[in-house]
$ cat start-v7.pdb   # PDB, C-alpha atoms
ATOM      1  CA  MET A 905      -7.148  -4.698  18.422
ATOM      2  CA  THR A 906      -3.812  -2.877  18.327
ATOM      3  CA  PRO A 907      -3.461   0.622  16.855
ATOM      4  CA  ARG A 908      -1.596  -0.882  13.890
ATOM      5  CA  GLU A 909      -4.423  -3.356  13.264
ATOM      6  CA  GLN A 910      -6.925  -0.511  13.469
ATOM      7  CA  GLU A 911      -4.988   1.439  10.841
ATOM      8  CA  LEU A 912      -4.817  -1.617   8.563
ATOM      9  CA  THR A 913      -8.560  -2.193   8.974
ATOM     10  CA  ALA A 914      -9.298   1.445   8.154
ATOM     11  CA  LEU A 915      -7.136   1.250   4.994
ATOM     12  CA  ALA A 916      -8.806  -1.991   3.903
ATOM     13  CA  ARG A 917     -12.267  -0.433   4.349
ATOM     14  CA  LYS A 918     -11.286   2.746   2.518
ATOM     15  CA  HIS A 919      -9.700   0.813  -0.388
ATOM     16  CA  PRO A 920     -11.541  -2.549  -0.627
ATOM     17  CA  ALA A 921     -10.050  -3.398  -4.030
ATOM     18  CA  TRP A 922      -6.556  -3.402  -2.504
ATOM     19  CA  GLN A 923      -4.778  -5.916  -0.291
ATOM     20  CA  VAL A 924      -2.926  -3.983   2.423
ATOM     21  CA  TRP A 925      -0.265  -5.094   4.892
ATOM     22  CA  VAL A 926       2.616  -3.722   6.898
ATOM     23  CA  VAL A 927       6.199  -5.010   7.051
ATOM     24  CA  GLU A 928       7.953  -4.409  10.339
ATOM     25  CA  CYS A 929      11.551  -3.441   9.523
ATOM     26  CA  TYR A 930      14.401  -3.702  11.976
ATOM     27  CA  LEU A 931      15.826  -0.386  10.765
ATOM     28  CA  GLY A 932      13.717   2.433   9.427
ATOM     29  CA  GLY A 933      10.377   1.454  10.930
ATOM     30  CA  PRO A 934       7.320  -0.065   9.274
ATOM     31  CA  VAL A 935       6.703  -0.120   5.528
ATOM     32  CA  TRP A 936       3.024   0.081   4.532
ATOM     33  CA  CYS A 937       2.281  -1.981   1.411
ATOM     34  CA  ALA A 938      -0.630  -2.526  -0.965
ATOM     35  CA  ARG A 939      -1.524  -4.198  -4.247
ATOM     36  CA  PRO A 940      -4.798  -4.788  -6.062
ATOM     37  CA  TRP A 941      -6.513  -8.013  -4.984
ATOM     38  CA  GLY A 942      -5.793 -10.834  -7.433
ATOM     39  CA  ARG A 943      -2.783  -9.086  -8.985
ATOM     40  CA  THR A 944       0.916  -9.136  -8.260
ATOM     41  CA  ARG A 945       1.514  -5.609  -9.594
ATOM     42  CA  PRO A 946       1.598  -2.766  -8.915
ATOM     43  CA  VAL A 947       2.962  -3.078  -5.392
ATOM     44  CA  LEU A 948       2.938   0.217  -3.536
ATOM     45  CA  ASN A 949       5.097   0.948  -0.501
ATOM     46  CA  ALA A 950       4.928   3.978   1.780
ATOM     47  CA  GLY A 951       6.274   5.158   5.092
ATOM     48  CA  SER A 952       2.856   5.814   6.638
ATOM     49  CA  PRO A 953      -0.763   4.716   6.228
ATOM     50  CA  GLU A 954      -1.669   8.244   5.114
ATOM     51  CA  HIS A 955       0.909   8.215   2.302
ATOM     52  CA  LEU A 956      -0.158   4.721   1.246
ATOM     53  CA  SER A 957      -3.784   5.851   1.064
ATOM     54  CA  GLU A 958      -2.754   8.801  -1.126
ATOM     55  CA  ASP A 959      -0.750   6.502  -3.412
ATOM     56  CA  ILE A 960      -3.670   4.074  -3.720
ATOM     57  CA  ALA A 961      -6.094   6.919  -4.460
ATOM     58  CA  GLY A 962      -3.786   8.044  -7.258
ATOM     59  CA  ARG A 963      -4.019   4.594  -8.857
ATOM     60  CA  GLU A 964      -7.753   3.961  -8.504
ATOM     61  CA  PRO A 965     -10.156   4.524 -11.382
ATOM     62  CA  ALA A 966     -12.329   7.627 -11.363
ATOM     63  CA  ARG A 967     -15.374   7.517  -9.088
ATOM     64  CA  ASN A 968     -18.644   9.393  -9.147
ATOM     65  CA  GLY A 969     -17.846  11.004 -12.492
ATOM     66  CA  VAL A 970     -14.676  12.637 -11.150
ATOM     67  CA  GLU A 971     -11.779  12.236 -13.532
ATOM     68  CA  GLY A 972      -8.722  10.435 -12.220
ATOM     69  CA  PRO A 973      -5.583   8.830 -13.569
ATOM     70  CA  GLY A 974      -7.090   5.327 -13.531
ATOM     71  CA  TRP A 975      -5.002   2.193 -13.422
ATOM     72  CA  VAL A 976      -1.385   2.540 -14.355
ATOM     73  CA  ALA A 977      -0.020  -0.294 -16.474
ATOM     74  CA  ALA A 978       2.060  -2.756 -14.495
ATOM     75  CA  ASP A 979       5.717  -2.687 -15.425
ATOM     76  CA  GLU A 980       9.065  -2.957 -13.694
ATOM     77  CA  ASP A 981       8.744   0.568 -12.258
ATOM     78  CA  ASP A 982       5.590  -0.387 -10.351
ATOM     79  CA  VAL A 983       7.455  -2.582  -7.891
ATOM     80  CA  ILE A 984       9.337  -0.716  -5.190
ATOM     81  CA  THR A 985      11.354  -2.988  -2.967
ATOM     82  CA  PRO A 986      12.744  -1.912   0.386
ATOM     83  CA  GLY A 987      16.496  -1.586   0.692
ATOM     84  CA  PRO A 988      18.681  -4.265   2.290
ATOM     85  CA  GLN A 989      18.346  -2.615   5.713
ATOM     86  CA  CYS A 990      14.664  -3.574   5.795
ATOM     87  CA  TRP A 991      14.313  -6.981   7.423
ATOM     88  CA  PRO A 992      11.199  -8.156   9.200
ATOM     89  CA  SER A 993      11.589  -7.611  12.926
ATOM     90  CA  ARG A 994      10.637 -10.239  15.444
ATOM     91  CA  MET A 995       7.512  -9.507  17.374
TER
END
$ encode --input "start-v7.pdb" --output "structure tokens"
Amino acid sequence: MTPREQELTALARKHPAWQVWVVECYLGGPVWCARPWGRTRPVLNAGSPEHLSEDIAGREPARNGVEGPGWVAADEDDVITPGPQCWPSRM
């Protein structure tokens, strides 16, 4: 398993309600992405697995009695698309 696959596996285990993937961009490096399983929104994008995990944690409902922001309603602002310089690279 590659280091990238290990990071994806760790994210998926930490946030099982979220589908996670990475887009390899020709310019700017990888974009780490996530969305709740079975939903098309919100789609979260981040520059690192750590930042993606933080973003997901900010969207998850409260756990163990700890208050949290809960789910944010899906709207146009929930979808962040990479700029035109982000094209999948060939592997």
$ closest_residue --input "start-v7.pdb" --among "A:Trp936, A:Arg963, A:Trp941, A:Trp922" --to "Glu909 of chain A" --atoms "only C-alpha atoms"
A:Trp936
$ atom_distance --input "start-v7.pdb" --atom1 "atom CA of Lys918 of chain A" --atom2 "atom CA of Gly933 of chain A"
23.3 Å
$ atom_distance --input "start-v7.pdb" --atom1 "atom CA of Arg908 of chain A" --atom2 "atom CA of Val926 of chain A"
8.6 Å
$ resolve_selection --input "start-v7.pdb" --expression "the PyMOL selection byres ((chain A and resi 949-959) around 7)" --output "mmCIF file with C-alpha atoms, in the coordinates of the input"
data_model
loop_
_atom_site.group_PDB
_atom_site.id
_atom_site.type_symbol
_atom_site.label_atom_id
_atom_site.label_comp_id
_atom_site.auth_asym_id
_atom_site.auth_seq_id
_atom_site.Cartn_x
_atom_site.Cartn_y
_atom_site.Cartn_z
ATOM 1 C CA LEU A 915 -7.136 1.250 4.994
ATOM 2 C CA PRO A 934 7.320 -0.065 9.274
ATOM 3 C CA VAL A 935 6.703 -0.120 5.528
ATOM 4 C CA TRP A 936 3.024 0.081 4.532
ATOM 5 C CA CYS A 937 2.281 -1.981 1.411
ATOM 6 C CA ALA A 938 -0.630 -2.526 -0.965
ATOM 7 C CA VAL A 947 2.962 -3.078 -5.392
ATOM 8 C CA LEU A 948 2.938 0.217 -3.536
ATOM 9 C CA ILE A 960 -3.670 4.074 -3.720
ATOM 10 C CA ALA A 961 -6.094 6.919 -4.460
ATOM 11 C CA GLY A 962 -3.786 8.044 -7.258
ATOM 12 C CA ARG A 963 -4.019 4.594 -8.857
ATOM 13 C CA ILE A 984 9.337 -0.716 -5.190
#
$ atom_distance --input "start-v7.pdb" --atom1 "atom CA of Cys929 of chain A" --atom2 "atom CA of Glu964 of chain A"
27.4 Å
$ closest_residue --input "start-v7.pdb" --among "A:Tyr930, A:Thr906, A:Gln923, A:Arg917" --to "Pro946 of chain A" --atoms "only C-alpha atoms"
A:Gln923
$ decode --input "start-v7.pdb" --residues "segment 906-936 of chain A" --atoms "N, CA and C atoms" --output "short mmCIF file (atom, residue, chain, number, x, y, z; two decimals), in the first residue's frame"
data_model
loop_
_atom_site.label_atom_id
_atom_site.label_comp_id
_atom_site.auth_asym_id
_atom_site.auth_seq_id
_atom_site.Cartn_x
_atom_site.Cartn_y
_atom_site.Cartn_z
N THR A 906 0.58 2.20 -0.85
CA THR A 906 1.37 3.42 -0.94
C THR A 906 1.07 4.33 0.25
N PRO A 907 1.95 5.29 0.52
CA PRO A 907 1.67 6.25 1.60
C PRO A 907 0.34 6.99 1.38
N ARG A 908 0.04 7.33 0.16
CA ARG A 908 -1.22 8.03 -0.14
C ARG A 908 -2.41 7.14 0.18
N GLU A 909 -2.33 5.86 -0.18
CA GLU A 909 -3.41 4.92 0.13
C GLU A 909 -3.55 4.73 1.64
N GLN A 910 -2.44 4.74 2.35
CA GLN A 910 -2.49 4.63 3.80
C GLN A 910 -3.20 5.83 4.42
N GLU A 911 -2.91 7.03 3.90
CA GLU A 911 -3.57 8.23 4.40
C GLU A 911 -5.07 8.20 4.11
N LEU A 912 -5.44 7.76 2.91
CA LEU A 912 -6.86 7.65 2.57
C LEU A 912 -7.57 6.63 3.47
N THR A 913 -6.92 5.51 3.73
CA THR A 913 -7.50 4.49 4.60
C THR A 913 -7.68 5.03 6.02
N ALA A 914 -6.69 5.76 6.51
CA ALA A 914 -6.78 6.34 7.85
C ALA A 914 -7.93 7.34 7.93
N LEU A 915 -8.10 8.18 6.90
CA LEU A 915 -9.21 9.14 6.88
C LEU A 915 -10.55 8.42 6.85
N ALA A 916 -10.66 7.38 6.02
CA ALA A 916 -11.91 6.63 5.92
C ALA A 916 -12.27 5.96 7.25
N ARG A 917 -11.28 5.47 7.97
CA ARG A 917 -11.53 4.84 9.27
C ARG A 917 -11.91 5.88 10.33
N LYS A 918 -11.29 7.04 10.26
CA LYS A 918 -11.57 8.10 11.23
C LYS A 918 -12.95 8.72 11.00
N HIS A 919 -13.37 8.78 9.73
CA HIS A 919 -14.64 9.41 9.36
C HIS A 919 -15.45 8.45 8.49
N PRO A 920 -16.01 7.38 9.07
CA PRO A 920 -16.68 6.35 8.27
C PRO A 920 -17.95 6.81 7.56
N ALA A 921 -18.53 7.91 7.98
CA ALA A 921 -19.74 8.41 7.33
C ALA A 921 -19.42 9.23 6.08
N TRP A 922 -18.14 9.39 5.78
CA TRP A 922 -17.71 10.23 4.66
C TRP A 922 -16.96 9.41 3.62
N GLN A 923 -17.25 9.69 2.37
CA GLN A 923 -16.50 9.14 1.24
C GLN A 923 -15.31 10.06 1.02
N VAL A 924 -14.10 9.52 0.99
CA VAL A 924 -12.91 10.34 0.82
C VAL A 924 -12.13 9.89 -0.41
N TRP A 925 -11.51 10.85 -1.09
CA TRP A 925 -10.69 10.55 -2.25
C TRP A 925 -9.71 11.68 -2.45
N VAL A 926 -8.75 11.45 -3.32
CA VAL A 926 -7.76 12.48 -3.62
C VAL A 926 -7.70 12.66 -5.13
N VAL A 927 -7.61 13.91 -5.57
CA VAL A 927 -7.47 14.24 -6.99
C VAL A 927 -6.04 14.71 -7.20
N GLU A 928 -5.35 14.01 -8.07
CA GLU A 928 -3.97 14.39 -8.40
C GLU A 928 -4.02 15.51 -9.43
N CYS A 929 -3.53 16.68 -9.08
CA CYS A 929 -3.56 17.84 -9.98
C CYS A 929 -2.18 18.04 -10.60
N TYR A 930 -2.19 18.41 -11.85
CA TYR A 930 -0.95 18.65 -12.57
C TYR A 930 -0.18 19.80 -11.93
N LEU A 931 -0.89 20.88 -11.63
CA LEU A 931 -0.29 22.03 -10.94
C LEU A 931 -0.92 22.16 -9.56
N GLY A 932 -0.12 22.43 -8.58
CA GLY A 932 -0.66 22.67 -7.25
C GLY A 932 -0.73 21.47 -6.34
N GLY A 933 -0.43 20.29 -6.84
CA GLY A 933 -0.43 19.11 -5.99
C GLY A 933 -1.80 18.51 -5.77
N PRO A 934 -1.90 17.53 -4.88
CA PRO A 934 -3.15 16.81 -4.67
C PRO A 934 -4.20 17.67 -3.95
N VAL A 935 -5.46 17.38 -4.26
CA VAL A 935 -6.59 17.97 -3.55
C VAL A 935 -7.31 16.83 -2.86
N TRP A 936 -7.44 16.91 -1.55
CA TRP A 936 -8.11 15.90 -0.73
C TRP A 936 -9.57 16.27 -0.65
#
